[in-house]
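Just target.txt here, compact mmCIF, C-alpha atoms:
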```
# COMPACT_ATOMS: atom_id res chain seq x y z
CA MET K 1150 0.00 0.00 0.00
CA THR K 1151 1.25 3.47 -0.83
CA ALA K 1152 1.68 5.95 1.97
CA PRO K 1153 -1.21 8.34 2.55
CA ALA K 1154 -1.03 11.70 0.77
CA ILE K 1155 -1.50 13.44 4.12
CA GLU K 1156 -0.94 12.07 7.59
CA LEU K 1157 -1.74 13.96 10.75
CA ASP K 1158 -0.28 12.19 13.74
CA GLY K 1159 -1.51 13.64 17.01
CA VAL K 1160 -1.44 17.16 15.61
CA GLN K 1161 -2.35 19.86 18.11
CA LYS K 1162 -2.68 23.62 17.89
CA ARG K 1163 -3.77 26.04 20.59
CA TRP K 1164 -5.26 29.38 19.68
CA GLY K 1165 -6.41 31.31 22.74
CA ASP K 1166 -9.30 29.28 24.17
CA PHE K 1167 -9.48 27.04 21.12
CA THR K 1168 -7.57 23.77 20.93
CA LEU K 1169 -7.37 21.80 17.74
CA GLY K 1170 -6.70 18.12 18.14
CA PRO K 1171 -4.89 16.00 18.92
CA LEU K 1172 -5.89 14.98 15.39
CA MET K 1173 -5.17 11.59 13.84
CA LEU K 1174 -6.07 11.64 10.17
CA ALA K 1175 -4.88 9.84 7.05
CA VAL K 1176 -5.88 11.10 3.61
CA PRO K 1177 -5.31 8.26 1.12
CA ARG K 1178 -3.65 9.01 -2.18
CA GLY K 1179 -6.07 9.13 -5.10
CA ALA K 1180 -9.03 10.24 -3.01
CA ILE K 1181 -11.24 13.29 -2.78
CA TYR K 1182 -11.33 13.78 0.96
CA ALA K 1183 -13.87 16.11 2.53
CA LEU K 1184 -13.24 17.86 5.81
CA ILE K 1185 -16.52 19.08 7.23
CA GLY K 1186 -17.57 20.72 10.45
CA PRO K 1187 -19.55 23.66 11.79
CA ASN K 1188 -18.09 27.17 11.68
CA GLY K 1189 -15.18 27.43 14.07
CA ALA K 1190 -14.61 23.65 14.18
CA GLY K 1191 -10.96 23.94 13.13
CA LYS K 1192 -11.11 23.21 9.39
CA THR K 1193 -9.19 26.31 8.31
CA THR K 1194 -6.70 25.90 11.16
CA THR K 1195 -6.02 22.35 9.93
CA LEU K 1196 -5.54 23.44 6.32
CA ASP K 1197 -3.35 26.36 7.42
CA LEU K 1198 -1.09 23.95 9.31
CA LEU K 1199 -0.80 21.82 6.16
CA MET K 1200 0.24 24.93 4.24
CA GLY K 1201 2.92 25.70 6.80
CA MET K 1202 1.05 28.70 8.17
CA GLY K 1203 1.87 28.27 11.82
CA GLU K 1204 3.47 25.21 13.36
CA PRO K 1205 1.61 22.64 15.41
CA ASP K 1206 2.16 22.70 19.17
CA GLY K 1207 2.40 18.92 19.08
CA GLY K 1208 2.36 15.95 16.74
CA HIS K 1209 3.67 15.37 13.23
CA ILE K 1210 2.50 16.20 9.73
CA ARG K 1211 3.60 14.13 6.74
CA MET K 1212 2.58 15.09 3.21
CA LEU K 1213 3.39 13.33 -0.06
CA GLY K 1214 5.94 11.22 1.76
CA SER K 1215 7.76 14.24 3.18
CA GLU K 1216 7.91 15.83 6.58
CA LEU K 1217 6.62 19.24 7.68
CA PRO K 1218 8.18 21.68 8.47
CA ARG K 1219 11.51 20.15 7.30
CA ASP K 1220 10.45 19.60 3.67
CA GLU K 1221 8.06 22.53 3.36
CA ILE K 1222 9.48 23.79 0.06
CA GLU K 1223 9.35 20.36 -1.59
CA ILE K 1224 5.78 19.83 -0.35
CA LYS K 1225 4.58 23.25 -1.52
CA ARG K 1226 6.10 22.66 -4.95
CA ARG K 1227 3.69 19.74 -5.38
CA THR K 1228 0.68 21.24 -3.58
CA ALA K 1229 -1.87 23.76 -4.79
CA TYR K 1230 -4.06 25.66 -2.36
CA VAL K 1231 -7.25 27.67 -2.60
CA SER K 1232 -7.93 29.91 0.37
CA PRO K 1233 -11.07 31.83 1.24
CA ASP K 1234 -9.07 35.08 1.11
CA THR K 1235 -9.21 36.21 -2.48
CA GLY K 1236 -7.46 39.56 -2.30
CA TYR K 1237 -5.91 39.88 -5.72
CA GLN K 1238 -6.89 43.54 -6.23
CA ALA K 1239 -3.24 44.64 -6.11
CA TRP K 1240 -2.78 43.23 -9.64
CA SER K 1241 -5.72 45.21 -11.01
CA THR K 1242 -6.71 42.76 -13.76
CA VAL K 1243 -7.27 39.01 -13.96
CA GLY K 1244 -4.48 38.64 -16.54
CA ARG K 1245 -1.90 40.49 -14.46
CA ALA K 1246 -2.73 38.49 -11.33
CA ILE K 1247 -2.32 35.26 -13.29
CA ASP K 1248 0.96 36.38 -14.86
CA PHE K 1249 2.26 37.22 -11.41
CA VAL K 1250 1.29 33.88 -9.86
CA ARG K 1251 2.39 31.65 -12.76
CA GLY K 1252 5.99 32.85 -12.36
CA PHE K 1253 6.27 30.97 -9.05
CA TYR K 1254 5.35 27.58 -10.44
CA PRO K 1255 7.42 25.55 -12.91
CA ASP K 1256 4.44 23.16 -13.29
CA TRP K 1257 2.15 25.93 -14.63
CA ASP K 1258 0.16 24.93 -17.73
CA ASP K 1259 -0.75 27.98 -19.88
CA ALA K 1260 -3.10 26.13 -22.21
CA HIS K 1261 -4.98 24.62 -19.29
CA CYS K 1262 -5.18 28.03 -17.63
CA ALA K 1263 -6.69 29.57 -20.76
CA ARG K 1264 -9.24 26.77 -20.95
CA LEU K 1265 -10.16 27.17 -17.27
CA LEU K 1266 -10.62 30.94 -17.63
CA LYS K 1267 -13.03 30.30 -20.47
CA GLU K 1268 -14.78 27.54 -18.56
CA PHE K 1269 -15.35 29.80 -15.55
CA GLY K 1270 -16.30 32.80 -17.71
CA LEU K 1271 -13.35 35.01 -16.70
CA LYS K 1272 -11.51 37.37 -19.05
CA ARG K 1273 -7.87 38.44 -18.66
CA GLU K 1274 -8.72 42.13 -19.10
CA GLU K 1275 -11.41 42.13 -16.38
CA LYS K 1276 -10.82 44.40 -13.38
CA ILE K 1277 -10.48 42.32 -10.22
CA SER K 1278 -12.10 45.08 -8.13
CA ALA K 1279 -15.22 44.74 -10.30
CA LEU K 1280 -15.47 40.95 -9.92
CA SER K 1281 -18.22 39.47 -7.77
CA PHE K 1282 -17.24 37.39 -4.75
CA GLY K 1283 -18.05 34.22 -6.69
CA ALA K 1284 -15.93 35.32 -9.64
CA ARG K 1285 -12.97 35.94 -7.32
CA THR K 1286 -13.39 32.44 -5.94
CA LYS K 1287 -13.33 31.18 -9.52
CA LEU K 1288 -10.11 33.10 -10.15
CA SER K 1289 -8.38 31.45 -7.22
CA LEU K 1290 -9.62 28.06 -8.45
CA VAL K 1291 -8.17 28.79 -11.90
CA MET K 1292 -4.85 29.61 -10.27
CA ALA K 1293 -4.77 26.37 -8.29
CA LEU K 1294 -5.98 24.12 -11.10
CA SER K 1295 -3.62 25.57 -13.74
CA ARG K 1296 -0.76 23.75 -12.05
CA GLU K 1297 0.16 20.11 -12.37
CA ALA K 1298 0.00 19.72 -8.60
CA GLU K 1299 -0.26 16.32 -6.95
CA LEU K 1300 -2.19 17.56 -3.98
CA LEU K 1301 -4.97 20.12 -3.99
CA LEU K 1302 -6.08 21.77 -0.76
CA LEU K 1303 -9.36 23.64 -1.03
CA ASP K 1304 -10.64 25.71 1.87
CA GLU K 1305 -14.33 26.47 1.31
CA PRO K 1306 -14.11 26.72 -2.49
CA THR K 1307 -17.89 26.66 -2.91
CA ILE K 1308 -18.57 29.93 -1.04
CA GLY K 1309 -20.31 32.43 -3.28
CA LEU K 1310 -20.71 29.99 -6.18
CA ASP K 1311 -24.13 29.44 -7.72
CA ALA K 1312 -25.35 25.93 -8.59
CA GLY K 1313 -23.93 26.09 -12.11
CA ALA K 1314 -20.50 27.25 -10.95
CA ARG K 1315 -20.43 24.60 -8.21
CA HIS K 1316 -21.18 22.00 -10.84
CA GLN K 1317 -18.29 23.34 -12.96
CA LEU K 1318 -16.01 23.25 -9.95
CA PHE K 1319 -16.74 19.60 -9.20
CA ALA K 1320 -16.45 18.70 -12.88
CA GLU K 1321 -12.96 20.26 -12.84
CA LEU K 1322 -12.06 18.44 -9.65
CA LEU K 1323 -13.09 15.10 -11.16
CA ALA K 1324 -11.08 15.96 -14.29
CA PHE K 1325 -8.10 16.74 -12.03
CA MET K 1326 -8.57 13.32 -10.42
CA GLN K 1327 -8.17 11.50 -13.75
CA ASP K 1328 -4.53 11.16 -12.74
CA GLU K 1329 -4.78 8.58 -9.99
CA LYS K 1330 -1.69 9.82 -8.14
CA ARG K 1331 -3.53 13.00 -7.28
CA THR K 1332 -5.36 13.80 -4.09
CA ILE K 1333 -7.82 16.50 -3.03
CA LEU K 1334 -8.57 17.68 0.48
CA ILE K 1335 -11.60 19.94 0.48
CA SER K 1336 -13.45 21.73 3.26
CA SER K 1337 -16.99 22.74 2.42
CA HIS K 1338 -20.42 23.42 3.87
CA GLN K 1339 -22.12 22.15 0.70
CA LEU K 1340 -22.85 18.75 2.18
CA THR K 1341 -25.06 17.54 -0.66
CA ASP K 1342 -22.22 18.16 -3.14
CA VAL K 1343 -19.66 16.69 -0.77
CA GLU K 1344 -21.70 13.51 -0.27
CA ARG K 1345 -21.91 13.06 -4.01
CA PHE K 1346 -18.32 13.84 -4.97
CA ALA K 1347 -16.05 12.98 -2.05
CA ASP K 1348 -14.70 9.45 -1.52
CA HIS K 1349 -13.83 9.98 2.11
CA CYS K 1350 -15.04 12.30 4.80
CA ALA K 1351 -14.00 13.49 8.23
CA ILE K 1352 -16.33 15.40 10.52
CA ILE K 1353 -14.71 17.68 13.09
CA ASP K 1354 -16.35 19.74 15.80
CA LYS K 1355 -14.80 22.01 18.42
CA GLY K 1356 -11.32 20.98 17.31
CA LYS K 1357 -11.96 17.26 17.73
CA LEU K 1358 -12.40 14.54 15.15
CA LEU K 1359 -15.89 13.05 15.53
CA ILE K 1360 -15.71 10.45 12.82
CA ALA K 1361 -13.84 9.67 9.61
CA GLY K 1362 -14.02 7.07 6.89
CA ARG K 1363 -15.18 6.15 3.43
CA MET K 1364 -18.23 8.23 2.51
CA ASP K 1365 -20.48 5.26 1.65
CA GLU K 1366 -19.53 3.37 4.79
CA LEU K 1367 -19.91 6.44 6.96
CA VAL K 1368 -23.36 7.31 5.65
CA GLY K 1369 -24.44 3.66 5.58
CA ARG K 1370 -23.35 3.06 9.16
CA PHE K 1371 -25.97 5.34 10.69
CA SER K 1372 -29.72 5.43 10.55
CA GLN K 1373 -32.62 7.16 12.21
CA VAL K 1374 -34.76 4.70 14.08
CA ASP K 1375 -38.19 5.46 15.52
CA VAL K 1376 -39.02 3.31 18.52
CA ARG K 1377 -41.45 2.83 21.34
CA LEU K 1378 -39.61 2.60 24.59
CA ALA K 1379 -40.20 0.73 27.80
CA SER K 1380 -37.07 2.08 29.47
CA ASP K 1381 -34.58 4.89 29.06
CA PRO K 1382 -32.18 4.46 26.15
CA ALA K 1383 -29.63 6.80 27.76
CA GLY K 1384 -26.23 5.20 28.05
CA LEU K 1385 -26.88 2.57 25.40
CA ALA K 1386 -23.73 2.27 23.29
CA GLY K 1387 -23.96 3.57 19.74
CA VAL K 1388 -27.36 5.13 20.33
CA ARG K 1389 -28.22 8.80 20.71
CA VAL K 1390 -31.68 10.15 21.44
CA LEU K 1391 -32.50 12.82 18.87
CA GLU K 1392 -36.05 13.49 20.04
CA ARG K 1393 -38.42 12.13 22.59
CA GLU K 1394 -42.18 12.48 23.06
CA GLY K 1395 -43.87 10.24 25.59
CA ASP K 1396 -42.98 6.62 24.88
CA ARG K 1397 -41.84 7.52 21.38
CA ALA K 1398 -38.27 8.38 20.53
CA ARG K 1399 -36.23 9.05 17.44
CA LEU K 1400 -32.76 7.57 17.79
CA LEU K 1401 -29.52 7.98 15.91
CA VAL K 1402 -28.12 4.47 15.70
CA ASP K 1403 -24.53 3.64 14.82
CA ARG K 1404 -24.82 0.09 13.52
CA GLU K 1405 -21.15 -0.58 14.12
CA ALA K 1406 -21.26 0.27 17.79
CA ALA K 1407 -24.90 -0.28 18.66
CA GLN K 1408 -26.10 -2.81 21.16
CA PRO K 1409 -29.31 -4.45 20.00
CA LEU K 1410 -32.27 -2.24 20.77
CA ALA K 1411 -33.96 -5.32 22.21
CA ALA K 1412 -31.69 -4.82 25.23
CA ILE K 1413 -33.88 -1.90 26.29
CA ASP K 1414 -37.16 -3.46 25.18
CA ALA K 1415 -37.55 -1.00 22.32
CA GLU K 1416 -40.11 -1.76 19.65
CA VAL K 1417 -38.70 -0.62 16.32
CA ILE K 1418 -41.37 1.18 14.30
CA ASN K 1419 -39.39 2.50 11.40
CA GLU K 1420 -35.79 2.73 10.30
CA VAL K 1421 -34.70 5.29 7.76
CA PRO K 1422 -31.30 5.88 6.13
CA MET K 1423 -29.67 9.29 6.36
CA THR K 1424 -27.99 11.78 4.08
CA LEU K 1425 -24.58 13.13 5.05
CA GLU K 1426 -26.24 16.41 5.98
CA GLU K 1427 -28.70 14.70 8.32
CA LEU K 1428 -25.87 12.70 9.88
CA PHE K 1429 -23.83 15.88 10.28
CA LEU K 1430 -26.71 17.67 12.02
CA ALA K 1431 -27.33 14.71 14.31
CA LEU K 1432 -23.67 14.32 15.27
CA VAL K 1433 -22.86 17.94 15.95
CA GLN K 1434 -26.10 18.46 17.87
CA LYS K 1435 -25.53 20.12 21.23
CA MET Q 356 -55.97 16.65 22.70
CA ARG Q 357 -52.30 17.03 21.88
CA SER Q 358 -51.26 16.64 18.25
CA PRO Q 359 -48.28 14.34 18.23
CA SER Q 360 -45.80 15.12 15.46
CA LEU Q 361 -42.94 12.84 16.46
CA PRO Q 362 -44.70 9.66 15.25
CA ILE Q 363 -44.87 11.13 11.76
CA GLY Q 364 -41.45 10.44 10.39
CA PRO Q 365 -38.54 10.19 10.24
CA ILE Q 366 -38.31 11.18 6.62
CA SER Q 367 -35.15 11.62 4.61
CA PRO Q 368 -34.07 12.31 1.03
CA ALA Q 369 -31.93 9.18 1.53
CA ALA Q 370 -35.04 7.00 2.00
CA PRO Q 371 -37.00 5.66 -0.98
CA GLY Q 372 -39.82 7.73 -2.43
CA PRO Q 373 -40.52 11.45 -2.48
CA LEU Q 374 -40.84 13.21 0.88
CA TYR Q 375 -44.62 13.69 0.68
CA GLN Q 376 -45.03 9.97 0.09
CA GLN Q 377 -42.88 9.19 3.10
CA ILE Q 378 -45.26 11.33 5.16
CA VAL Q 379 -48.25 9.45 3.71
CA GLU Q 380 -46.59 6.15 4.61
CA ALA Q 381 -45.77 7.29 8.15
CA VAL Q 382 -49.32 8.47 8.91
CA THR Q 383 -50.82 5.34 7.34
CA ARG Q 384 -48.50 3.15 9.41
CA GLU Q 385 -49.44 4.91 12.64
CA VAL Q 386 -53.17 4.73 11.91
CA ALA Q 387 -52.95 1.07 10.83
CA SER Q 388 -51.22 0.13 14.08
CA GLY Q 389 -53.81 1.98 16.15
CA ARG Q 390 -51.16 4.26 17.63
CA LEU Q 391 -53.05 7.13 16.04
CA PRO Q 392 -56.64 6.24 16.98
CA PRO Q 393 -59.77 7.57 15.21
CA GLY Q 394 -60.55 11.17 16.10
CA ARG Q 395 -56.98 12.01 17.16
CA PRO Q 396 -55.94 15.41 15.79
CA LEU Q 397 -52.94 15.57 13.51
CA PRO Q 398 -50.43 18.41 13.68
CA SER Q 399 -51.31 21.48 11.62
CA LEU Q 400 -49.65 21.86 8.21
CA ARG Q 401 -47.32 24.51 9.54
CA THR Q 402 -46.38 22.60 12.69
CA LEU Q 403 -45.56 19.44 10.77
CA ALA Q 404 -43.66 21.36 8.08
CA GLU Q 405 -41.55 22.96 10.78
CA GLU Q 406 -41.12 19.67 12.64
CA LEU Q 407 -40.01 17.72 9.56
CA GLN Q 408 -38.14 20.65 7.99
CA VAL Q 409 -40.01 20.44 4.71
CA SER Q 410 -42.08 22.87 2.67
CA LEU Q 411 -45.76 23.52 3.38
CA ILE Q 412 -46.53 22.21 -0.11
CA THR Q 413 -44.99 18.84 0.77
CA VAL Q 414 -47.11 18.42 3.90
CA LYS Q 415 -50.20 19.75 2.13
CA ARG Q 416 -49.78 17.23 -0.66
CA ALA Q 417 -49.39 14.39 1.83
CA TYR Q 418 -52.50 15.44 3.80
CA GLU Q 419 -54.50 15.79 0.56
CA GLU Q 420 -53.59 12.23 -0.45
CA LEU Q 421 -54.45 10.91 2.99
CA GLU Q 422 -57.76 12.77 2.91
CA ARG Q 423 -58.59 11.47 -0.55
CA ALA Q 424 -57.85 7.95 0.66
CA GLY Q 425 -60.13 8.54 3.67
CA VAL Q 426 -57.44 7.99 6.30
CA ILE Q 427 -57.86 11.50 7.69
CA TYR Q 428 -60.43 14.28 7.36
CA ARG Q 429 -60.31 18.04 7.66
CA ARG Q 430 -62.74 20.32 9.45
CA GLN Q 431 -62.54 23.95 8.42
CA GLY Q 432 -61.17 25.96 11.32
CA LEU Q 433 -60.81 22.91 13.58
CA GLY Q 434 -57.95 21.00 12.05
CA THR Q 435 -57.15 17.57 10.71
CA PHE Q 436 -58.19 14.31 12.37
CA VAL Q 437 -57.82 10.57 11.98
CA ALA Q 438 -60.98 9.25 10.28
CA GLU Q 439 -63.50 7.19 12.25
CA ASN Q 440 -63.76 4.13 10.06
CA SER Q 441 -60.24 4.26 8.81
CA ALA Q 442 -59.55 0.51 8.54
CA ASP Q 443 -60.83 0.27 4.94
CA ALA Q 444 -59.14 3.53 4.03
CA VAL Q 445 -55.84 2.34 5.45
CA ARG Q 446 -56.21 -0.86 3.48
CA ARG Q 447 -56.80 1.15 0.33
CA ALA Q 448 -53.89 3.46 1.05
CA GLN Q 449 -51.56 0.54 1.68
CA GLN Q 450 -52.89 -1.15 -1.42
CA GLY Q 451 -52.02 1.97 -3.41
CA LEU Q 452 -48.51 2.03 -2.02
CA ALA Q 453 -48.05 -1.69 -2.65
CA ARG Q 454 -49.37 -1.31 -6.21
CA GLU Q 455 -46.85 1.48 -6.85
CA ALA Q 456 -44.02 -0.68 -5.50
CA MET Q 457 -45.09 -3.67 -7.61
CA ARG Q 458 -45.30 -1.56 -10.76
CA HIS Q 459 -41.78 -0.42 -10.06
CA ALA Q 460 -40.63 -4.00 -9.51
CA VAL Q 461 -42.25 -5.12 -12.77
CA ALA Q 462 -40.61 -2.24 -14.67
CA LEU Q 463 -37.21 -3.20 -13.24
CA GLY Q 464 -37.74 -6.85 -14.18
CA ARG Q 465 -38.82 -6.02 -17.74
CA GLN Q 466 -35.75 -3.76 -18.13
CA GLY Q 467 -33.71 -6.83 -17.29
CA GLY Q 468 -35.69 -8.91 -19.80
CA LEU Q 469 -37.40 -11.09 -17.20
CA ALA Q 470 -40.42 -13.04 -18.41
CA ASP Q 471 -43.77 -12.76 -16.57
CA ALA Q 472 -43.35 -16.27 -15.22
CA GLU Q 473 -40.04 -15.29 -13.66
CA LEU Q 474 -41.58 -12.14 -12.14
CA THR Q 475 -44.43 -14.24 -10.71
CA ARG Q 476 -41.88 -16.61 -9.20
CA LEU Q 477 -40.10 -13.63 -7.56
CA LEU Q 478 -43.41 -12.43 -6.14
CA GLU Q 479 -44.12 -15.90 -4.73
CA GLU Q 480 -40.67 -15.88 -3.23
CA ALA Q 481 -41.25 -12.44 -1.65
CA LEU Q 482 -44.55 -13.74 -0.28
CA GLY Q 483 -42.59 -16.51 1.39
CA ASN Q 484 -44.28 -19.31 -0.57
CA LYS Q 485 -41.75 -22.14 -0.61
CA ARG Q 486 -43.18 -23.39 -3.88
CA GLY Q 487 -41.82 -20.27 -5.54
CA ASP Q 488 -38.26 -21.03 -4.53
CA LYS Q 489 -38.15 -24.14 -6.69
CA ARG Q 490 -37.75 -23.97 -10.41
```

This structure in structure tokens:
Amino acid sequence: MTAPAIELDGVQKRWGDFTLGPLMLAVPRGAIYALIGPNGAGKTTTLDLLMGMGEPDGGHIRMLGSELPRDEIEIKRRTAYVSPDTGYQAWSTVGRAIDFVRGFYPDWDDAHCARLLKEFGLKREEKISALSFGARTKLSLVMALSREAELLLLDEPTIGLDAGARHQLFAELLAFMQDEKRTILISSHQLTDVERFADHCAIIDKGKLLIAGRMDELVGRFSQVDVRLASDPAGLAGVRVLEREGDRARLLVDREAAQPLAAIDAEVINEVPMTLEELFLALVQK
Amino acid sequence: MRSPSLPIGPISPAAPGPLYQQIVEAVTREVASGRLPPGRPLPSLRTLAEELQVSLITVKRAYEELERAGVIYRRQGLGTFVAENSADAVRRAQQGLAREAMRHAVALGRQGGLADAELTRLLEEALGNKRGDKR
């Protein structure tokens, strides 16, 4: 088996009151890996650490077989990154911003860049100050995808994109993934898109990893079960009470961890599968 | 009397069938089991829409189907209630759902080129008739 594209080994970062980790995470090579979590969960902090912005207070980060921070330059040479900060105004036009950025990367592909600009409806002569928020996001995607990078880190690339542009984005990401050595780590709040396009998923909340795994296994592992109860389900392994009304309860059941509901004399009335979004809401519930 | 909304559901885009149909199935199931007895009020359209996090149209469509089937009835200004003699209506509603499911099964079978005899055998098998298991 090839080494994971990204390995977080007990990574920790403190930021005032906020503590990220310790995180254990392995992003397999050749996968689109989604990192999801509520606002303030630590997604951007995690991606920033991978981009060498700040050093972890503990643990190790390995990327593409190399070690951070020791091999930062080598890793960055093979990694493209899209951040939510799209402040390219200093270069005045789209074309000038692109010409500035392309100079840093030997793996820049001009023909591909031209095609992407067309695809996303951007023109070189357009003033960056006049671009909408979504168009600026598209510009930073063009910049990341114009390189022959092995690893693509995307921090909230769907913000400000309409349905059509999101579709284009994911089409480009799947095209990028035609080369099976490549890997994408994406953070996004568009859970319907993520469920459809990502192979793996990790859910983090308040700096901690709640769950991670293959998307189909993750979503298939959980279901909502309506039951009639004779006794209290509290404390039953793998079961969380989502709602309760008299003797009726709606439970979130983790099939992998769950004790049989018969143990609490529960009569199962209905069992329904869940979307990633429903699972997310149930897991990060207060 | 309290209008229970928890028994109606759960519904999910991940479950088979459109959301309104999942609501129809849930109400029918509760009425059939007697857990929603005749005369019991159902939640208002708005309450149930909020509870299930779906549009008013979705709940309205479900209630209209249930009313047409005779499982529930509406009284202007009073609300929606489980029908008095709902046993037949429930039977009809379940029959409708089963018919839909069978049509779907037949369409799938025909797509795969299965002959009617083969489809009948599969039905026998689903019914648990041992005879159907043999060829």

Please, which residues of chain K lie no more than 9 Å from chain Q when the count uses only C-alpha atoms, and can they be set out as a short mmCIF file (atom, residue, chain, number, x, y, z; two decimals) with C-alpha atoms, in the coordinates of the input?
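The file below, result13.cif, is the result:
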```
data_model
loop_
_atom_site.label_atom_id
_atom_site.label_comp_id
_atom_site.auth_asym_id
_atom_site.auth_seq_id
_atom_site.Cartn_x
_atom_site.Cartn_y
_atom_site.Cartn_z
CA GLN K 1373 -32.62 7.16 12.21
CA VAL K 1374 -34.76 4.70 14.08
CA ASP K 1375 -38.19 5.46 15.52
CA GLU K 1392 -36.05 13.49 20.04
CA ARG K 1393 -38.42 12.13 22.59
CA GLU K 1394 -42.18 12.48 23.06
CA ARG K 1397 -41.84 7.52 21.38
CA ALA K 1398 -38.27 8.38 20.53
CA ARG K 1399 -36.23 9.05 17.44
CA ILE K 1418 -41.37 1.18 14.30
CA ASN K 1419 -39.39 2.50 11.40
CA GLU K 1420 -35.79 2.73 10.30
CA VAL K 1421 -34.70 5.29 7.76
CA PRO K 1422 -31.30 5.88 6.13
CA MET K 1423 -29.67 9.29 6.36
CA THR K 1424 -27.99 11.78 4.08
CA GLU K 1427 -28.70 14.70 8.32
#
```

| field | Near-range 1194-1199 of chain K list (9 Å; only C-alpha atoms; drop same-chain fewer than 2 positions) as a PyMOL selection string | value | chain K and resi 1155+1160+1162+1169+1190-1192+1201-1205+1210-1212+1217+1302-1304+1334+1336

| task | Can you work out the spacing between CA of Gly1244 in chain K and CA of Met1200 in chain K in Å, to one decimal? | result |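 Computed distance, CA of Gly1244 in chain K to CA of Met1200 in chain K, equals 25.3 Å.
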
| What's the 12 Å shell around Arg430 in chain Q, counting all atoms listed in the file, without same-chain residues fewer than 3 positions away, as a PyMOL selection string? | chain Q and resi 394+396-397+399+422+427+433-438

| task | Give me, please, the distance in Å between CA of Tyr1237 in chain K and CA of Glu1223 in chain K, quoted to one decimal. | result |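 Going from CA of Tyr1237 in chain K over to CA of Glu1223 in chain K, I get 25.1 Å.
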
| query | When distances are computed from all atoms listed in the file, which of Q:Leu452, Q:Met457, Q:Val426, Q:Ala481 shows the smallest separation from Leu391 in chain Q? | reply | Q:Val426

| said: Give me the residues near range 439-447 of chain Q as an NGL selection string, where near means some atom within 7 Å (using all atoms listed in the file) and where sequence neighbours in that chain fewer than 2 positions away do not count. | reply: :Q and (383 or 387 or 393-394 or 424-426 or 437 or 449-451)

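From CA of Ala1361 in chain K back to CA of Val1433 in chain K, the distance works out to 13.8 Å.
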
| field | Shell around range 1352-1355 of chain K at 10 Å using all atoms listed in the file, local window under 3 positions removed, as a ChimeraX atom specification | value | /K:1167-1170,1172,1183-1192,1358-1362,1428-1429,1432-1433

| request: Compile the contact shell of Arg1285 in chain K as a PyMOL selection string: residues with an atom at most 12 Å away, counting all atoms listed in the file, same-chain residues fewer than 3 positions apart removed. | output: chain K and resi 1231-1238+1242-1243+1246+1266+1269-1272+1275-1282+1288-1292+1306-1310

| note | One residue among Q:Asp471, Q:Val382, Q:Ala460, Q:Glu480 is nearest to Glu420 in chain Q when using only C-alpha atoms, and that residue is Q:Val382

| Nearest residue to Pro1171 in chain K from the set K:Gly1387, K:Gln1317, K:Ser1241, K:Gly1356 (distances using only C-alpha atoms) |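 Residue with the minimum atom-to-atom distance to Pro1171 in chain K: K:Gly1356.
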
Around range 375-394 of chain Q, fit a box with edges along x, y and z, padding it by 5 Å on each side, then list its centre and edge lengths in Å to one decimal as AutoDock Vina command-line options.
```
--center_x -51.7 --center_y 6.9 --center_z 8.9 --size_x 27.7 --size_y 23.6 --size_z 27.5
```
